[in-house]
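Okay, so here's the structure we're looking at.
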Amino acid sequence: MNGGELELSRAIRTQVDTLAGDLQKLAEAPGPAALRQARTGCALLAHHLAQGEAAQGFAALAGWLKLTYGAARLPQTEDDGAVAAARWHDRLSPELSEAARTTLTQGLARLTETLARPPGHALRALFIGDCLIWDIATQLQIAAAAEGIAITPQLCAQRDGAELHRAVEGIGPVDLVFYAPFGFGFAESYARALAPGALLRPMARDLPGLRATLDEVEATLSHLLARTDAPVYLHDISGARQASDWRGAAADRFGARRRARVAAWLNARLDALVQRAARPVLRIPEAAEVHRLGPAAGRVLFEAGDLHPTALAASLASGPYLRACRAAHLLSRRKLVVSDLDNTLWAGEIGEGPITHHHDRQALLLRLKARGVLLAVASKNDPANISWRGAELRASDFVACEIDWAPKAGHIAKIAAQLNLAPESFVFLDDRADERALAEAGCPGLLALDPNLTQTWQLLDDWAVQRAAFAGSDRTTLYQARAARQDYVATPSEDPGAAYRQLGLRVAIRIAKRRDLPRVGELIARTNQFNTTQVPISAKELSDPSRRVLIAEARDRFGSMGIVSALVIADGAEASEITQFVLSCRAFGYGIETALLQTALAAQSGRPLRGRINESPLNAPCREVYAANGFKLQDGIWTAQEPRPDLIPDWLSLDIAPDLRAVAAQVSA
């Protein structure tokens with residue numbers, strides 16, 4: 001604390017109505033409700049200043065304003081926000097000391113910059129629980145908005161299992177799920193076991209109710225995992241209770257041992273429950289956070305208008321929740337990490353003398369690789385000097401290595417072209433700020449990070465955690481085989497199709513089985529370029545009997561490519577519609593999408609098949625697919641009835657499942 005924060009806090013509280021009016025005018029939001037929200041923002045700032053947290057306070061004020069008023073109603077430039085900042089400065093500064101004026105000036109500059117920062121795409125988050133998770137959701141949105149992360153929250157507080165499942169069913173696709181099944185008292189059996197009166201009875205009398213609650217939690221968790229492919233975060237149990245006065249504090253003190261026993265019993269069974277889950281369930285360490293905070297965890301920190309957060313909610317919101325949202329926001333659609341070498345993967349410059357490997361950094365990159373993230377190198381170095389002796393990584397772990405003295409933006413563009421991936425799906429690690437800036441300027445959409453910041457590796461670790469469901473899905477060999485394949489077909493030939501025919505391309509087309517759906521869901525979610533509708537779909541929707549999911553698996557002389565294309569059809573009364581159609585960038589140029597689309601048409605038995613193209617900045621490669629396959633456009637909808645087997649390239653050998661009506665001339669023996 002510089003001595004000015006507390007003084008500034010008192011000055012804001014003194015003039016709160018006038019200052020709130022300035023904020024209301026800034027947002028052009030008339031009415032008493034908007035004024036009350038502005039007062040809450042002022043109270044929030046004053047609280048943080050009184051704690052000596054000036055930077056956090058102004059960031060929280062910006063987040064609260066973005067949350068309550070919406071980014072569209074706030075200043076679009078720093079100049080716009082400077083008008084309101086000037087009013088605050090004129091009202092407050094005459095009575096302030098030099099230290100307080102410095103805090104005010106620096107804070108207002110940070111506020112105007114943050115308000116003018118546009119949000120990225122909104123994260124869709126589902127929160128399930130009682131007032132604890134509602135409190136967390138509010139605090140999280142404030143903190144996330146300050147970083148330019150918009151969150152669209154969906155909250156479910158139904159205590160009855162069947163009602164909760166129905167509420168979840170009514171919610172659309174989500175990016176993250178947070179579930180606090182016990183909270184401060186979400187489960188009645190849990191609240192009863194922690195109530196002051198429970199101290200007078202044996203814990204064994206509460207166990208049947210707690211066991212029944214655990215059964216409901218397991219059913220809800222199974223329901224969530226079946227319904228969405230999004231990461232699901234589950235709170236463990238802390239035994240904390242919300243308390244706002246001395247009575248609550250006294251109850252906390254006298255009931256601490258009982259609450260610890262109940263929490264330990266529940267956590268042991270919750271751990272076993274998670275081990276039985278159909279796919280990895282991520283954890284929110286509520287118990288560890290309560291242990292760190294001590295007796296104050298459940299107490300209300302402060303009253304700020306509409307806000308009355310507990311220490312536990314504020315800590316979880318700014319910690320594991322914000323990290324989860326940051327990773328999902330920045331990295332969920334990324335596919336590849338391009339790394340520098342010197343002072344990034346090792347300390348020192350390998351061409352100048354001995355180096356020391358960063359084993360922890362390399363191990364984390366290997367973890368990401370094992371979970372489907374590709375690795376590449378872009379380094380200004382002499383290739384002859386590069387050695388992986390003593391390292392965690394090996395040269396074979398990388399799908400591409402560009403090592404010479406050319407600009408790194410060119411390296412990255414070359415890697416993107418070689419792998420048929422957009423730089424927007426890349427993360428770039430480099431210790432030099434100038435190299436990161438040049439790479440971002442040369443490759444728009446690239447995310448460049450400083451490897452010498454602890455938060456960079458925390459972010460990448462959170463990404464690896466969120467990709468836990470993809471453990472064992474290393475794609476390195478698939479892309480290495482693609483590079484060999486591309487080199488092979490690039491050999492000059494008088495017959496353009498000769499090289500493709502010599503590849504021995506075989507494509508199996510069939511209806512997806514249940515075991516295929518996770519890969520299909522991932523392919524749809526992560527494909528940007530050949531994705532006709534850009535419409536997400538959940539695992540539950542993919543398994544709906546009203547939909548047919550056709551997939552194409554490919555292999556050639558270089559090995560298997562796995563499932564490279566998927567087409568989802570929803571049957572209607574008069575026609576069927578393709579709701580999702582994607583093709584992996586690894587399979588571009590071979591005509592596999594044509595084979596799959598023509599097979600789908602043949603399986604229609606004369607019924608019309610329709611499709612749409614929802615254009616995005618990245619999906620240019622798929623915009624001609626319907627026109628090239630004989631579909632006709634009318635009112636924005638492409639329609640065809642009869643298959644065109646003559647359009648399927650003759651270098652493809654097709655193996656079409658018996659339950660699909662094959663394009664006979666193309667089926668191989």
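Ligands are numbered from 1 in the order shown, chains are lettered A, B, ... in the order of the structure tokens, and residues start at 1 in each chain.
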
- Item | DSSP strand (DSSP E) residues within stretch 152-318 of chain A, listed as a PyMOL selection string | chain A and resi 152-156+176-179+232-235+282-284

Would you pick out the contacts of A:Arg192 at 12 Å or less, using only C-alpha atoms, so that residues sharing its chain but fewer than 5 positions from it are not included, and give the list as a PDB file with all heavy atoms, in the first residue's frame?
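What follows is the written file out-v5.pdb:
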ATOM      1  N   PHE A 182     -22.259 -29.895  -3.588  1.00  0.00           N
ATOM      2  CA  PHE A 182     -22.535 -29.713  -2.159  1.00  0.00           C
ATOM      3  C   PHE A 182     -22.514 -28.238  -1.770  1.00  0.00           C
ATOM      4  O   PHE A 182     -23.396 -27.769  -1.062  1.00  0.00           O
ATOM      5  CB  PHE A 182     -21.542 -30.525  -1.325  1.00  0.00           C
ATOM      6  CG  PHE A 182     -21.730 -32.000  -1.507  1.00  0.00           C
ATOM      7  CD1 PHE A 182     -21.063 -32.680  -2.523  1.00  0.00           C
ATOM      8  CD2 PHE A 182     -22.594 -32.714  -0.710  1.00  0.00           C
ATOM      9  CE1 PHE A 182     -21.248 -34.036  -2.717  1.00  0.00           C
ATOM     10  CE2 PHE A 182     -22.793 -34.072  -0.892  1.00  0.00           C
ATOM     11  CZ  PHE A 182     -22.121 -34.737  -1.906  1.00  0.00           C
ATOM     12  N   PHE A 184     -22.393 -24.630  -0.227  1.00  0.00           N
ATOM     13  CA  PHE A 184     -22.639 -24.245   1.162  1.00  0.00           C
ATOM     14  C   PHE A 184     -23.814 -25.020   1.754  1.00  0.00           C
ATOM     15  O   PHE A 184     -24.042 -25.004   2.953  1.00  0.00           O
ATOM     16  CB  PHE A 184     -22.936 -22.744   1.263  1.00  0.00           C
ATOM     17  CG  PHE A 184     -21.715 -21.875   1.144  1.00  0.00           C
ATOM     18  CD1 PHE A 184     -21.773 -20.689   0.432  1.00  0.00           C
ATOM     19  CD2 PHE A 184     -20.514 -22.232   1.747  1.00  0.00           C
ATOM     20  CE1 PHE A 184     -20.647 -19.874   0.327  1.00  0.00           C
ATOM     21  CE2 PHE A 184     -19.393 -21.424   1.648  1.00  0.00           C
ATOM     22  CZ  PHE A 184     -19.457 -20.247   0.938  1.00  0.00           C
ATOM     23  N   GLY A 185     -24.558 -25.700   0.894  1.00  0.00           N
ATOM     24  CA  GLY A 185     -25.719 -26.441   1.394  1.00  0.00           C
ATOM     25  C   GLY A 185     -26.650 -26.818   0.268  1.00  0.00           C
ATOM     26  O   GLY A 185     -27.869 -26.896   0.448  1.00  0.00           O
ATOM     27  N   PHE A 186     -26.073 -27.052  -0.954  1.00  0.00           N
ATOM     28  CA  PHE A 186     -26.884 -27.363  -2.130  1.00  0.00           C
ATOM     29  C   PHE A 186     -27.649 -28.665  -1.928  1.00  0.00           C
ATOM     30  O   PHE A 186     -28.800 -28.798  -2.341  1.00  0.00           O
ATOM     31  CB  PHE A 186     -25.975 -27.436  -3.352  1.00  0.00           C
ATOM     32  CG  PHE A 186     -26.699 -27.576  -4.662  1.00  0.00           C
ATOM     33  CD1 PHE A 186     -27.794 -26.775  -4.957  1.00  0.00           C
ATOM     34  CD2 PHE A 186     -26.283 -28.493  -5.606  1.00  0.00           C
ATOM     35  CE1 PHE A 186     -28.457 -26.894  -6.170  1.00  0.00           C
ATOM     36  CE2 PHE A 186     -26.937 -28.617  -6.820  1.00  0.00           C
ATOM     37  CZ  PHE A 186     -28.026 -27.815  -7.103  1.00  0.00           C
ATOM     38  N   ALA A 187     -26.995 -29.641  -1.280  1.00  0.00           N
ATOM     39  CA  ALA A 187     -27.656 -30.918  -0.992  1.00  0.00           C
ATOM     40  C   ALA A 187     -28.233 -30.869   0.422  1.00  0.00           C
ATOM     41  O   ALA A 187     -27.535 -30.547   1.385  1.00  0.00           O
ATOM     42  CB  ALA A 187     -26.657 -32.063  -1.115  1.00  0.00           C
ATOM     43  N   GLY A 197     -27.166 -28.406  15.032  1.00  0.00           N
ATOM     44  CA  GLY A 197     -27.823 -29.471  15.778  1.00  0.00           C
ATOM     45  C   GLY A 197     -27.230 -30.839  15.536  1.00  0.00           C
ATOM     46  O   GLY A 197     -27.415 -31.767  16.337  1.00  0.00           O
ATOM     47  N   ALA A 198     -26.479 -31.005  14.411  1.00  0.00           N
ATOM     48  CA  ALA A 198     -25.891 -32.308  14.093  1.00  0.00           C
ATOM     49  C   ALA A 198     -24.790 -32.692  15.073  1.00  0.00           C
ATOM     50  O   ALA A 198     -24.417 -33.866  15.172  1.00  0.00           O
ATOM     51  CB  ALA A 198     -25.330 -32.292  12.674  1.00  0.00           C
ATOM     52  N   LEU A 199     -24.246 -31.713  15.789  1.00  0.00           N
ATOM     53  CA  LEU A 199     -23.188 -32.000  16.751  1.00  0.00           C
ATOM     54  C   LEU A 199     -23.671 -32.942  17.861  1.00  0.00           C
ATOM     55  O   LEU A 199     -22.873 -33.628  18.507  1.00  0.00           O
ATOM     56  CB  LEU A 199     -22.675 -30.696  17.381  1.00  0.00           C
ATOM     57  CG  LEU A 199     -21.951 -29.727  16.431  1.00  0.00           C
ATOM     58  CD1 LEU A 199     -21.671 -28.418  17.147  1.00  0.00           C
ATOM     59  CD2 LEU A 199     -20.663 -30.345  15.921  1.00  0.00           C
ATOM     60  N   ARG A 201     -25.713 -35.557  17.497  1.00  0.00           N
ATOM     61  CA  ARG A 201     -26.082 -36.917  17.081  1.00  0.00           C
ATOM     62  C   ARG A 201     -24.900 -37.584  16.380  1.00  0.00           C
ATOM     63  O   ARG A 201     -24.025 -36.913  15.811  1.00  0.00           O
ATOM     64  CB  ARG A 201     -27.302 -36.895  16.156  1.00  0.00           C
ATOM     65  CG  ARG A 201     -27.097 -36.219  14.832  1.00  0.00           C
ATOM     66  CD  ARG A 201     -28.317 -36.406  13.906  1.00  0.00           C
ATOM     67  NE  ARG A 201     -28.121 -35.749  12.619  1.00  0.00           N
ATOM     68  CZ  ARG A 201     -28.510 -34.510  12.340  1.00  0.00           C
ATOM     69  NH1 ARG A 201     -29.130 -33.779  13.264  1.00  0.00           N
ATOM     70  NH2 ARG A 201     -28.289 -33.996  11.143  1.00  0.00           N
ATOM     71  N   MET A 203     -22.620 -39.319  13.605  1.00  0.00           N
ATOM     72  CA  MET A 203     -22.528 -39.093  12.163  1.00  0.00           C
ATOM     73  C   MET A 203     -23.171 -40.232  11.374  1.00  0.00           C
ATOM     74  O   MET A 203     -23.679 -40.029  10.271  1.00  0.00           O
ATOM     75  CB  MET A 203     -21.054 -38.936  11.766  1.00  0.00           C
ATOM     76  CG  MET A 203     -20.830 -38.641  10.290  1.00  0.00           C
ATOM     77  SD  MET A 203     -19.090 -38.329   9.931  1.00  0.00           S
ATOM     78  CE  MET A 203     -19.012 -38.816   8.204  1.00  0.00           C
ATOM     79  N   ARG A 205     -25.906 -41.578  11.621  1.00  0.00           N
ATOM     80  CA  ARG A 205     -27.319 -41.331  11.305  1.00  0.00           C
ATOM     81  C   ARG A 205     -27.473 -40.496  10.036  1.00  0.00           C
ATOM     82  O   ARG A 205     -28.551 -40.488   9.425  1.00  0.00           O
ATOM     83  CB  ARG A 205     -27.998 -40.641  12.489  1.00  0.00           C
ATOM     84  CG  ARG A 205     -28.147 -41.564  13.706  1.00  0.00           C
ATOM     85  CD  ARG A 205     -28.770 -40.861  14.885  1.00  0.00           C
ATOM     86  NE  ARG A 205     -30.069 -40.294  14.580  1.00  0.00           N
ATOM     87  CZ  ARG A 205     -30.792 -39.572  15.437  1.00  0.00           C
ATOM     88  NH1 ARG A 205     -30.322 -39.332  16.659  1.00  0.00           N
ATOM     89  NH2 ARG A 205     -31.970 -39.089  15.093  1.00  0.00           N
ATOM     90  N   ASP A 206     -26.439 -39.767   9.642  1.00  0.00           N
ATOM     91  CA  ASP A 206     -26.516 -38.945   8.430  1.00  0.00           C
ATOM     92  C   ASP A 206     -26.021 -39.672   7.182  1.00  0.00           C
ATOM     93  O   ASP A 206     -26.215 -39.192   6.069  1.00  0.00           O
ATOM     94  CB  ASP A 206     -25.685 -37.664   8.609  1.00  0.00           C
ATOM     95  CG  ASP A 206     -26.280 -36.726   9.640  1.00  0.00           C
ATOM     96  OD1 ASP A 206     -27.473 -36.401   9.496  1.00  0.00           O
ATOM     97  OD2 ASP A 206     -25.564 -36.331  10.576  1.00  0.00           O
ATOM     98  N   LEU A 207     -25.365 -40.828   7.374  1.00  0.00           N
ATOM     99  CA  LEU A 207     -24.732 -41.491   6.229  1.00  0.00           C
ATOM    100  C   LEU A 207     -25.723 -41.970   5.167  1.00  0.00           C
ATOM    101  O   LEU A 207     -25.442 -41.848   3.968  1.00  0.00           O
ATOM    102  CB  LEU A 207     -23.857 -42.651   6.708  1.00  0.00           C
ATOM    103  CG  LEU A 207     -22.651 -42.248   7.576  1.00  0.00           C
ATOM    104  CD1 LEU A 207     -21.782 -43.467   7.880  1.00  0.00           C
ATOM    105  CD2 LEU A 207     -21.820 -41.176   6.881  1.00  0.00           C
ATOM    106  N   GLY A 209     -28.508 -40.657   4.085  1.00  0.00           N
ATOM    107  CA  GLY A 209     -28.870 -39.512   3.251  1.00  0.00           C
ATOM    108  C   GLY A 209     -27.713 -39.054   2.386  1.00  0.00           C
ATOM    109  O   GLY A 209     -27.896 -38.698   1.213  1.00  0.00           O
ATOM    110  N   LEU A 210     -26.494 -39.068   2.937  1.00  0.00           N
ATOM    111  CA  LEU A 210     -25.316 -38.655   2.164  1.00  0.00           C
ATOM    112  C   LEU A 210     -25.036 -39.641   1.030  1.00  0.00           C
ATOM    113  O   LEU A 210     -24.650 -39.238  -0.072  1.00  0.00           O
ATOM    114  CB  LEU A 210     -24.099 -38.536   3.081  1.00  0.00           C
ATOM    115  CG  LEU A 210     -24.160 -37.404   4.122  1.00  0.00           C
ATOM    116  CD1 LEU A 210     -22.980 -37.488   5.079  1.00  0.00           C
ATOM    117  CD2 LEU A 210     -24.185 -36.037   3.428  1.00  0.00           C
ATOM    118  N   GLY A 239     -16.542 -28.515   3.485  1.00  0.00           N
ATOM    119  CA  GLY A 239     -17.198 -28.365   4.777  1.00  0.00           C
ATOM    120  C   GLY A 239     -17.416 -26.917   5.187  1.00  0.00           C
ATOM    121  O   GLY A 239     -17.900 -26.644   6.290  1.00  0.00           O
ATOM    122  N   ARG A 241     -19.065 -23.232   5.520  1.00  0.00           N
ATOM    123  CA  ARG A 241     -20.420 -22.708   5.585  1.00  0.00           C
ATOM    124  C   ARG A 241     -20.370 -21.197   5.456  1.00  0.00           C
ATOM    125  O   ARG A 241     -19.435 -20.545   5.918  1.00  0.00           O
ATOM    126  CB  ARG A 241     -21.089 -23.081   6.921  1.00  0.00           C
ATOM    127  CG  ARG A 241     -21.296 -24.559   7.112  1.00  0.00           C
ATOM    128  CD  ARG A 241     -21.849 -24.886   8.493  1.00  0.00           C
ATOM    129  NE  ARG A 241     -23.210 -24.359   8.645  1.00  0.00           N
ATOM    130  CZ  ARG A 241     -23.527 -23.378   9.483  1.00  0.00           C
ATOM    131  NH1 ARG A 241     -22.600 -22.775  10.214  1.00  0.00           N
ATOM    132  NH2 ARG A 241     -24.786 -22.969   9.595  1.00  0.00           N
ATOM    133  N   ARG A 258     -16.561 -31.695  13.197  1.00  0.00           N
ATOM    134  CA  ARG A 258     -17.642 -32.455  12.561  1.00  0.00           C
ATOM    135  C   ARG A 258     -17.626 -32.227  11.048  1.00  0.00           C
ATOM    136  O   ARG A 258     -17.740 -33.171  10.262  1.00  0.00           O
ATOM    137  CB  ARG A 258     -18.974 -32.010  13.163  1.00  0.00           C
ATOM    138  CG  ARG A 258     -20.215 -32.415  12.387  1.00  0.00           C
ATOM    139  CD  ARG A 258     -20.588 -33.859  12.596  1.00  0.00           C
ATOM    140  NE  ARG A 258     -21.849 -34.192  11.963  1.00  0.00           N
ATOM    141  CZ  ARG A 258     -22.642 -35.160  12.368  1.00  0.00           C
ATOM    142  NH1 ARG A 258     -22.315 -35.892  13.413  1.00  0.00           N
ATOM    143  NH2 ARG A 258     -23.764 -35.404  11.748  1.00  0.00           N
ATOM    144  N   ARG A 259     -17.467 -30.968  10.624  1.00  0.00           N
ATOM    145  CA  ARG A 259     -17.465 -30.658   9.190  1.00  0.00           C
ATOM    146  C   ARG A 259     -16.288 -31.323   8.484  1.00  0.00           C
ATOM    147  O   ARG A 259     -16.415 -31.803   7.366  1.00  0.00           O
ATOM    148  CB  ARG A 259     -17.425 -29.134   8.972  1.00  0.00           C
ATOM    149  CG  ARG A 259     -18.689 -28.428   9.426  1.00  0.00           C
ATOM    150  CD  ARG A 259     -18.814 -27.041   8.791  1.00  0.00           C
ATOM    151  NE  ARG A 259     -17.571 -26.284   8.888  1.00  0.00           N
ATOM    152  CZ  ARG A 259     -17.190 -25.601   9.967  1.00  0.00           C
ATOM    153  NH1 ARG A 259     -17.968 -25.604  11.047  1.00  0.00           N
ATOM    154  NH2 ARG A 259     -16.068 -24.927   9.984  1.00  0.00           N
ATOM    155  N   VAL A 262     -17.154 -35.057   7.969  1.00  0.00           N
ATOM    156  CA  VAL A 262     -18.139 -35.231   6.891  1.00  0.00           C
ATOM    157  C   VAL A 262     -17.482 -35.012   5.533  1.00  0.00           C
ATOM    158  O   VAL A 262     -17.680 -35.794   4.589  1.00  0.00           O
ATOM    159  CB  VAL A 262     -19.329 -34.266   7.085  1.00  0.00           C
ATOM    160  CG1 VAL A 262     -20.241 -34.285   5.851  1.00  0.00           C
ATOM    161  CG2 VAL A 262     -20.119 -34.633   8.336  1.00  0.00           C
TER     162      VAL A 262
END

Once you count only C-alpha atoms, what closest atom pair and distance in Å to one decimal does each residue of stretch 600-635 of chain A within 10 Å of stretch 574-585 of chain A have, with rows by chain and rising residue number, as a tab-separated table?
residue	atom	partner	partner_atom	distance
A:Ala600	CA	A:Ile578	CA	9.6
A:Leu601	CA	A:Ser576	CA	9.9
A:Gln604	CA	A:Ser576	CA	8.2
A:Gly606	CA	A:Ala575	CA	9.8
A:Arg607	CA	A:Ala575	CA	6.1
A:Pro608	CA	A:Ala575	CA	5.0
A:Leu609	CA	A:Ser576	CA	5.0
A:Arg610	CA	A:Glu577	CA	4.6
A:Gly611	CA	A:Ile578	CA	5.0
A:Arg612	CA	A:Ile578	CA	7.5
A:Ile613	CA	A:Phe581	CA	9.7
A:Pro621	CA	A:Cys585	CA	9.6
A:Cys622	CA	A:Val582	CA	8.5

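For the pair atom CA of A:Arg283 and atom CA of A:Leu316, the interatomic distance is 11.9 Å.
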
- Within 10 Å of A:Asn629, counting only C-alpha atoms, which residues qualify if same-chain residues fewer than 2 places away don't, as a PyMOL selection string? chain A and resi 593-595+597-598+624-627+631-632+640+643-648

Keeping only C-alpha atoms, take the residues you just selected and write them out as a PDB file, in the first residue's frame.
ATOM      1  CA  GLU A 593     -15.261 -35.262 -49.335  1.00  0.00           C
ATOM      2  CA  THR A 594     -16.743 -35.978 -52.774  1.00  0.00           C
ATOM      3  CA  ALA A 595     -16.845 -39.728 -52.096  1.00  0.00           C
ATOM      4  CA  LEU A 597     -21.108 -36.699 -50.096  1.00  0.00           C
ATOM      5  CA  GLN A 598     -21.984 -38.860 -53.121  1.00  0.00           C
ATOM      6  CA  GLU A 624     -17.690 -24.848 -53.401  1.00  0.00           C
ATOM      7  CA  VAL A 625     -18.252 -28.408 -52.202  1.00  0.00           C
ATOM      8  CA  TYR A 626     -21.989 -28.495 -53.003  1.00  0.00           C
ATOM      9  CA  ALA A 627     -21.657 -26.728 -56.354  1.00  0.00           C
ATOM     10  CA  PHE A 631     -26.193 -29.501 -55.909  1.00  0.00           C
ATOM     11  CA  LYS A 632     -28.359 -26.544 -56.956  1.00  0.00           C
ATOM     12  CA  ALA A 640     -29.621 -32.552 -54.847  1.00  0.00           C
ATOM     13  CA  PRO A 643     -25.864 -39.095 -56.920  1.00  0.00           C
ATOM     14  CA  ARG A 644     -23.071 -38.365 -59.396  1.00  0.00           C
ATOM     15  CA  PRO A 645     -20.604 -41.282 -59.067  1.00  0.00           C
ATOM     16  CA  ASP A 646     -18.698 -39.942 -62.078  1.00  0.00           C
ATOM     17  CA  LEU A 647     -17.411 -37.090 -59.901  1.00  0.00           C
ATOM     18  CA  ILE A 648     -15.532 -39.405 -57.520  1.00  0.00           C
TER      19      ILE A 648
END

- Item | Selection: 10 Å around A:Ala297, only C-alpha atoms, excl. self and same-chain fewer than 6 positions, as a PyMOL selection string | chain A and resi 238+240-243+289-291+310-315

- Excluding same-chain residues fewer than 6 positions from A:Ala422, what lies within 9 Å of it counting only C-alpha atoms, as a ChimeraX atom specification? /A:413,416,445-446,528-529,618

- Give me, please, the distance in Å between atom CA of A:Ser93 and atom CA of A:Ala46, quoted to one decimal. 15.4 Å

- Message: Let's see if you can do this: from backbone DSSP, list all helix (DSSP H, G or I) residues in stretch 266-450 of chain A, as a ChimeraX atom specification.
- Response: /A:266-275,286-296,311-331,359-370,383-385,395-397,408-419,423-425,433-442

- Message: From the options A:Ala162, A:Leu132, A:Ala468, A:Leu652, which residue's atoms come nearest to A:Val217, counting only C-alpha atoms?
- Response: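 Among the listed residues, A:Ala162 lies closest to A:Val217.
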
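The protein and nucleic acid residues lying at most 10 Å from A:Ser222 are Glu216, Val217, Glu218, Ala219, Leu225, Ala226, Arg227, Val274, Arg276, Ala277, Ala278 and Arg279 of chain A, with only C-alpha atoms considered and sequence neighbours fewer than 3 positions away removed.
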
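Residue nearest A:Val83 within the list A:Ile151, A:Ala260, A:Cys156, A:Leu26: A:Leu26 [criterion: smallest interatomic distance, only C-alpha atoms].
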
- Task: Report the distance between atom CA of A:Val564 and atom CA of A:Ala122 in Å, rounded to one decimal place.
- Result: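 Separation of atom CA of A:Val564 and atom CA of A:Ala122: 28.5 Å.
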
- Task: Choose the residue, out of A:Asn452, A:Gln418, A:Ser379, A:Asn619, that has the smallest atom-to-atom separation from A:Glu402; count only C-alpha atoms.
- Result: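 For A:Glu402, the nearest of the candidates is A:Ser379.
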
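Among A:Leu92, A:Ala512, A:Leu123, A:Val174, the residue with the shortest atom-to-atom distance to A:Ala328, counting only C-alpha atoms, is A:Leu123.
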